[in-house]
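Participant: Following this line is query36.txt, made up of compact mmCIF, N, CA and C atoms:
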# COMPACT_ATOMS: atom_id res chain seq x y z
N MET A 126 -43.49 -88.49 -42.29
CA MET A 126 -43.29 -87.16 -42.85
C MET A 126 -41.84 -86.77 -42.66
N ASN A 127 -41.17 -86.44 -43.76
CA ASN A 127 -39.78 -86.05 -43.59
C ASN A 127 -39.68 -84.54 -43.32
N ILE A 128 -38.50 -84.08 -43.00
CA ILE A 128 -38.30 -82.71 -42.52
C ILE A 128 -38.65 -81.66 -43.57
N SER A 129 -38.40 -81.94 -44.85
CA SER A 129 -38.72 -80.95 -45.88
C SER A 129 -40.24 -80.79 -46.03
N GLN A 130 -40.98 -81.85 -45.86
CA GLN A 130 -42.43 -81.76 -45.92
C GLN A 130 -42.98 -80.95 -44.74
N ILE A 131 -42.34 -81.06 -43.60
CA ILE A 131 -42.75 -80.28 -42.43
C ILE A 131 -42.50 -78.80 -42.69
N TYR A 132 -41.33 -78.46 -43.27
CA TYR A 132 -41.04 -77.07 -43.61
C TYR A 132 -42.05 -76.51 -44.61
N ILE A 133 -42.42 -77.30 -45.60
CA ILE A 133 -43.40 -76.87 -46.58
C ILE A 133 -44.75 -76.63 -45.92
N ALA A 134 -45.15 -77.53 -45.05
CA ALA A 134 -46.44 -77.38 -44.36
C ALA A 134 -46.44 -76.13 -43.48
N VAL A 135 -45.37 -75.90 -42.76
CA VAL A 135 -45.28 -74.72 -41.90
C VAL A 135 -45.30 -73.45 -42.76
N SER A 136 -44.61 -73.45 -43.88
CA SER A 136 -44.59 -72.28 -44.77
C SER A 136 -45.98 -71.98 -45.30
N ILE A 137 -46.71 -73.01 -45.69
CA ILE A 137 -48.06 -72.81 -46.21
C ILE A 137 -48.97 -72.26 -45.13
N VAL A 138 -48.86 -72.78 -43.91
CA VAL A 138 -49.69 -72.30 -42.80
C VAL A 138 -49.38 -70.83 -42.51
N VAL A 139 -48.11 -70.47 -42.52
CA VAL A 139 -47.73 -69.08 -42.25
C VAL A 139 -48.27 -68.16 -43.34
N LEU A 140 -48.17 -68.57 -44.61
CA LEU A 140 -48.69 -67.75 -45.69
C LEU A 140 -50.21 -67.61 -45.63
N VAL A 141 -50.90 -68.66 -45.23
CA VAL A 141 -52.35 -68.59 -45.09
C VAL A 141 -52.73 -67.64 -43.96
N VAL A 142 -52.00 -67.69 -42.85
CA VAL A 142 -52.27 -66.78 -41.73
C VAL A 142 -52.03 -65.33 -42.17
N ILE A 143 -50.97 -65.09 -42.91
CA ILE A 143 -50.69 -63.73 -43.40
C ILE A 143 -51.80 -63.27 -44.34
N ALA A 144 -52.25 -64.15 -45.23
CA ALA A 144 -53.32 -63.79 -46.15
C ALA A 144 -54.60 -63.46 -45.40
N ILE A 145 -54.90 -64.24 -44.37
CA ILE A 145 -56.10 -63.97 -43.56
C ILE A 145 -55.97 -62.62 -42.86
N LEU A 146 -54.80 -62.34 -42.31
CA LEU A 146 -54.60 -61.05 -41.65
C LEU A 146 -54.73 -59.89 -42.62
N ILE A 147 -54.25 -60.07 -43.83
CA ILE A 147 -54.36 -59.01 -44.83
C ILE A 147 -55.81 -58.73 -45.17
N PHE A 148 -56.60 -59.79 -45.31
CA PHE A 148 -57.99 -59.61 -45.71
C PHE A 148 -58.88 -59.19 -44.54
N VAL A 149 -58.56 -59.58 -43.33
CA VAL A 149 -59.42 -59.30 -42.19
C VAL A 149 -59.09 -57.95 -41.55
N VAL A 150 -57.84 -57.69 -41.33
CA VAL A 150 -57.44 -56.46 -40.63
C VAL A 150 -57.48 -55.30 -41.62
N ARG A 151 -58.19 -54.27 -41.24
CA ARG A 151 -58.32 -53.09 -42.07
C ARG A 151 -57.78 -51.89 -41.30
N LYS A 152 -56.97 -51.10 -41.97
CA LYS A 152 -56.43 -49.90 -41.34
C LYS A 152 -57.23 -48.69 -41.80
N ASN A 153 -57.48 -47.77 -40.90
CA ASN A 153 -58.18 -46.51 -41.18
C ASN A 153 -59.58 -46.74 -41.74
N GLY A 154 -60.17 -47.87 -41.49
CA GLY A 154 -61.52 -48.13 -41.95
C GLY A 154 -61.64 -48.37 -43.44
N LYS A 155 -60.56 -48.26 -44.18
CA LYS A 155 -60.59 -48.48 -45.62
C LYS A 155 -60.23 -49.93 -45.92
N GLU A 156 -60.87 -50.44 -46.93
CA GLU A 156 -60.53 -51.79 -47.37
C GLU A 156 -59.44 -51.69 -48.42
N LYS A 157 -58.34 -52.35 -48.16
CA LYS A 157 -57.23 -52.35 -49.10
C LYS A 157 -57.20 -53.70 -49.81
N ARG A 158 -57.51 -53.66 -51.07
CA ARG A 158 -57.52 -54.89 -51.86
C ARG A 158 -56.16 -55.11 -52.49
N LEU A 159 -55.88 -56.37 -52.74
CA LEU A 159 -54.65 -56.70 -53.46
C LEU A 159 -54.82 -56.34 -54.93
N THR A 160 -53.77 -55.81 -55.52
CA THR A 160 -53.81 -55.56 -56.95
C THR A 160 -53.67 -56.90 -57.67
N PRO A 161 -54.06 -56.95 -58.93
CA PRO A 161 -53.91 -58.22 -59.66
C PRO A 161 -52.48 -58.73 -59.70
N SER A 162 -51.51 -57.83 -59.86
CA SER A 162 -50.12 -58.29 -59.90
C SER A 162 -49.67 -58.81 -58.53
N ALA A 163 -50.16 -58.21 -57.45
CA ALA A 163 -49.83 -58.71 -56.12
C ALA A 163 -50.45 -60.08 -55.89
N SER A 164 -51.66 -60.28 -56.40
CA SER A 164 -52.30 -61.59 -56.28
C SER A 164 -51.53 -62.65 -57.04
N PHE A 165 -51.09 -62.30 -58.26
CA PHE A 165 -50.28 -63.25 -59.04
C PHE A 165 -48.97 -63.54 -58.34
N ALA A 166 -48.35 -62.52 -57.75
CA ALA A 166 -47.10 -62.72 -57.03
C ALA A 166 -47.30 -63.69 -55.87
N PHE A 167 -48.36 -63.49 -55.13
CA PHE A 167 -48.68 -64.38 -54.00
C PHE A 167 -48.91 -65.81 -54.49
N ALA A 168 -49.64 -65.94 -55.60
CA ALA A 168 -49.92 -67.27 -56.17
C ALA A 168 -48.64 -67.95 -56.64
N PHE A 169 -47.74 -67.20 -57.26
CA PHE A 169 -46.48 -67.79 -57.72
C PHE A 169 -45.62 -68.25 -56.55
N VAL A 170 -45.57 -67.47 -55.49
CA VAL A 170 -44.79 -67.88 -54.32
C VAL A 170 -45.38 -69.14 -53.70
N LEU A 171 -46.71 -69.19 -53.60
CA LEU A 171 -47.37 -70.39 -53.09
C LEU A 171 -47.10 -71.60 -53.98
N ALA A 172 -47.15 -71.41 -55.29
CA ALA A 172 -46.87 -72.50 -56.22
C ALA A 172 -45.42 -72.95 -56.09
N GLY A 173 -44.52 -72.00 -55.87
CA GLY A 173 -43.11 -72.35 -55.68
C GLY A 173 -42.91 -73.20 -54.44
N ILE A 174 -43.67 -72.92 -53.39
CA ILE A 174 -43.58 -73.73 -52.18
C ILE A 174 -44.16 -75.12 -52.43
N LEU A 175 -45.31 -75.15 -53.11
CA LEU A 175 -45.96 -76.44 -53.37
C LEU A 175 -45.14 -77.33 -54.29
N PHE A 176 -44.50 -76.74 -55.29
CA PHE A 176 -43.69 -77.51 -56.22
C PHE A 176 -42.21 -77.44 -55.88
N GLY A 177 -41.90 -77.35 -54.60
CA GLY A 177 -40.54 -77.19 -54.14
C GLY A 177 -39.69 -78.44 -54.23
N GLU A 178 -40.30 -79.58 -54.54
CA GLU A 178 -39.52 -80.81 -54.65
C GLU A 178 -38.50 -80.72 -55.77
N ASP A 179 -38.92 -80.17 -56.89
CA ASP A 179 -38.00 -79.92 -57.99
C ASP A 179 -37.45 -78.51 -57.79
N ARG A 180 -36.21 -78.41 -57.40
CA ARG A 180 -35.66 -77.11 -57.00
C ARG A 180 -35.73 -76.07 -58.11
N PHE A 181 -35.45 -76.48 -59.33
CA PHE A 181 -35.47 -75.53 -60.44
C PHE A 181 -36.85 -74.91 -60.62
N VAL A 182 -37.88 -75.74 -60.59
CA VAL A 182 -39.25 -75.26 -60.75
C VAL A 182 -39.67 -74.44 -59.53
N GLY A 183 -39.41 -74.94 -58.33
CA GLY A 183 -39.80 -74.25 -57.11
C GLY A 183 -39.17 -72.88 -56.98
N TYR A 184 -37.85 -72.83 -57.15
CA TYR A 184 -37.15 -71.54 -57.03
C TYR A 184 -37.52 -70.61 -58.18
N GLY A 185 -37.76 -71.18 -59.35
CA GLY A 185 -38.18 -70.35 -60.48
C GLY A 185 -39.51 -69.68 -60.23
N LEU A 186 -40.48 -70.45 -59.72
CA LEU A 186 -41.79 -69.88 -59.42
C LEU A 186 -41.70 -68.83 -58.31
N MET A 187 -40.91 -69.12 -57.29
CA MET A 187 -40.73 -68.13 -56.22
C MET A 187 -40.06 -66.86 -56.74
N GLY A 188 -39.09 -67.04 -57.61
CA GLY A 188 -38.41 -65.89 -58.19
C GLY A 188 -39.35 -65.01 -59.00
N VAL A 189 -40.23 -65.64 -59.78
CA VAL A 189 -41.22 -64.89 -60.55
C VAL A 189 -42.15 -64.14 -59.61
N GLY A 190 -42.56 -64.79 -58.52
CA GLY A 190 -43.44 -64.15 -57.55
C GLY A 190 -42.79 -62.95 -56.90
N VAL A 191 -41.54 -63.09 -56.51
CA VAL A 191 -40.83 -61.97 -55.88
C VAL A 191 -40.63 -60.84 -56.89
N LEU A 192 -40.31 -61.18 -58.12
CA LEU A 192 -40.13 -60.16 -59.16
C LEU A 192 -41.43 -59.40 -59.39
N LEU A 193 -42.56 -60.11 -59.47
CA LEU A 193 -43.85 -59.44 -59.63
C LEU A 193 -44.16 -58.54 -58.43
N ALA A 194 -43.83 -58.98 -57.22
CA ALA A 194 -44.08 -58.17 -56.03
C ALA A 194 -43.24 -56.89 -56.06
N VAL A 195 -41.99 -57.00 -56.47
CA VAL A 195 -41.12 -55.82 -56.54
C VAL A 195 -41.63 -54.84 -57.60
N VAL A 196 -42.05 -55.36 -58.75
CA VAL A 196 -42.61 -54.50 -59.79
C VAL A 196 -43.87 -53.81 -59.29
N ASN A 197 -44.71 -54.54 -58.56
CA ASN A 197 -45.93 -53.96 -58.01
C ASN A 197 -45.60 -52.85 -57.01
N ILE A 198 -44.64 -53.07 -56.15
CA ILE A 198 -44.23 -52.05 -55.18
C ILE A 198 -43.70 -50.81 -55.90
N PHE A 199 -42.89 -51.03 -56.94
CA PHE A 199 -42.35 -49.91 -57.71
C PHE A 199 -43.46 -49.12 -58.38
N ASN A 200 -44.42 -49.81 -58.98
CA ASN A 200 -45.54 -49.13 -59.64
C ASN A 200 -46.41 -48.36 -58.66
N LYS A 201 -46.65 -48.93 -57.49
CA LYS A 201 -47.46 -48.24 -56.49
C LYS A 201 -46.76 -46.98 -55.98
N SER A 202 -45.46 -47.06 -55.76
CA SER A 202 -44.73 -45.88 -55.26
C SER A 202 -44.66 -44.82 -56.34
N LYS A 203 -44.62 -45.21 -57.60
CA LYS A 203 -44.56 -44.26 -58.69
C LYS A 203 -45.88 -43.50 -58.83
N THR A 204 -47.00 -44.19 -58.64
CA THR A 204 -48.31 -43.55 -58.77
C THR A 204 -48.64 -42.64 -57.59
N LYS A 205 -48.06 -42.91 -56.43
CA LYS A 205 -48.32 -42.06 -55.26
C LYS A 205 -47.46 -40.80 -55.28
N GLY A 206 -46.44 -40.77 -56.13
CA GLY A 206 -45.61 -39.59 -56.24
C GLY A 206 -44.51 -39.52 -55.20
N VAL A 207 -44.13 -40.65 -54.66
CA VAL A 207 -43.09 -40.66 -53.62
C VAL A 207 -41.74 -40.68 -54.27
Show how you would write the structure in this file as structure tokens.
Facilitator:
Amino acid sequence: MNISQIYIAVSIVVLVVIAILIFVVRKNGKEKRLTPSASFAFAFVLAGILFGEDRFVGYGLMGVGVLLAVVNIFNKSKTKGV
């Protein structure tokens, strides 16, 4: 196993742990579900990590994921009236 594969494996494990914490830990007794755009953003970032061997494809997928996450954050703040 070379060093880049180790980094990819560690990144995937960290993202899985974060996803588990998001789904398991509930604040104020309310269940907070991911919006569809947040789910797509998460999936694109994961795909970017998985297809990271080709830098153009990997960084492109991660970029799309981050862009979707930012748009989701903007939309959520707009609807809350902040």
Participant: At what distance in Å, to one decimal, does atom N of Gly190 (chain A) lie from atom N of Ala168 (chain A)?
Facilitator: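 Distance between the two atoms: 7.7 Å.
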Participant: Would you give me, as JSON, numbers by chain, the residues in chain A that DSSP reads as alpha helix (DSSP H)?
Facilitator: {"A": [128, 129, 130, 131, 132, 133, 134, 135, 136, 137, 138, 139, 140, 141, 142, 143, 144, 145, 146, 147, 148, 149, 161, 162, 163, 164, 165, 166, 167, 168, 169, 170, 171, 172, 173, 174, 175, 180, 181, 182, 183, 184, 185, 186, 187, 188, 189, 190, 191, 192, 193, 194, 195, 196, 197, 198, 199, 200, 201, 202, 203, 204, 205]}
Participant: Just the residues within 7 Å of Phe165 (chain A), please, counting all atoms listed in the file, with nothing from its chain fewer than 4 positions along; format it as a list of chain:residue names.
Facilitator: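 So the residues in contact are A:Thr160, A:Pro161, A:Phe169, A:Val170, A:Val189, A:Gly190, A:Leu193, A:Ala194.
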Participant: Select, counting all atoms listed in the file, all protein, DNA and RNA residues no farther than 6.5 Å from (-45.6, -58.4, -56.9) in file coordinates, and express the selection as a VMD selection string.
Facilitator: chain A and resid 162 to 167 190 to 198
Participant: Nearest to Leu175 (chain A): which of A:Ile133, A:Val138, A:Leu159, A:Ile143 is it, counting all atoms listed in the file?
Facilitator: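 Comparing A:Ile133, A:Val138, A:Leu159, A:Ile143 against Leu175 (chain A), the winner is A:Ile133.
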Participant: Would you work out the distance separating atom C of Ile145 (chain A) from atom N of Ala172 (chain A), expressed in Å to one decimal?
Facilitator: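 Atom-to-atom, atom C of Ile145 (chain A) to atom N of Ala172 (chain A), that is 17.6 Å.
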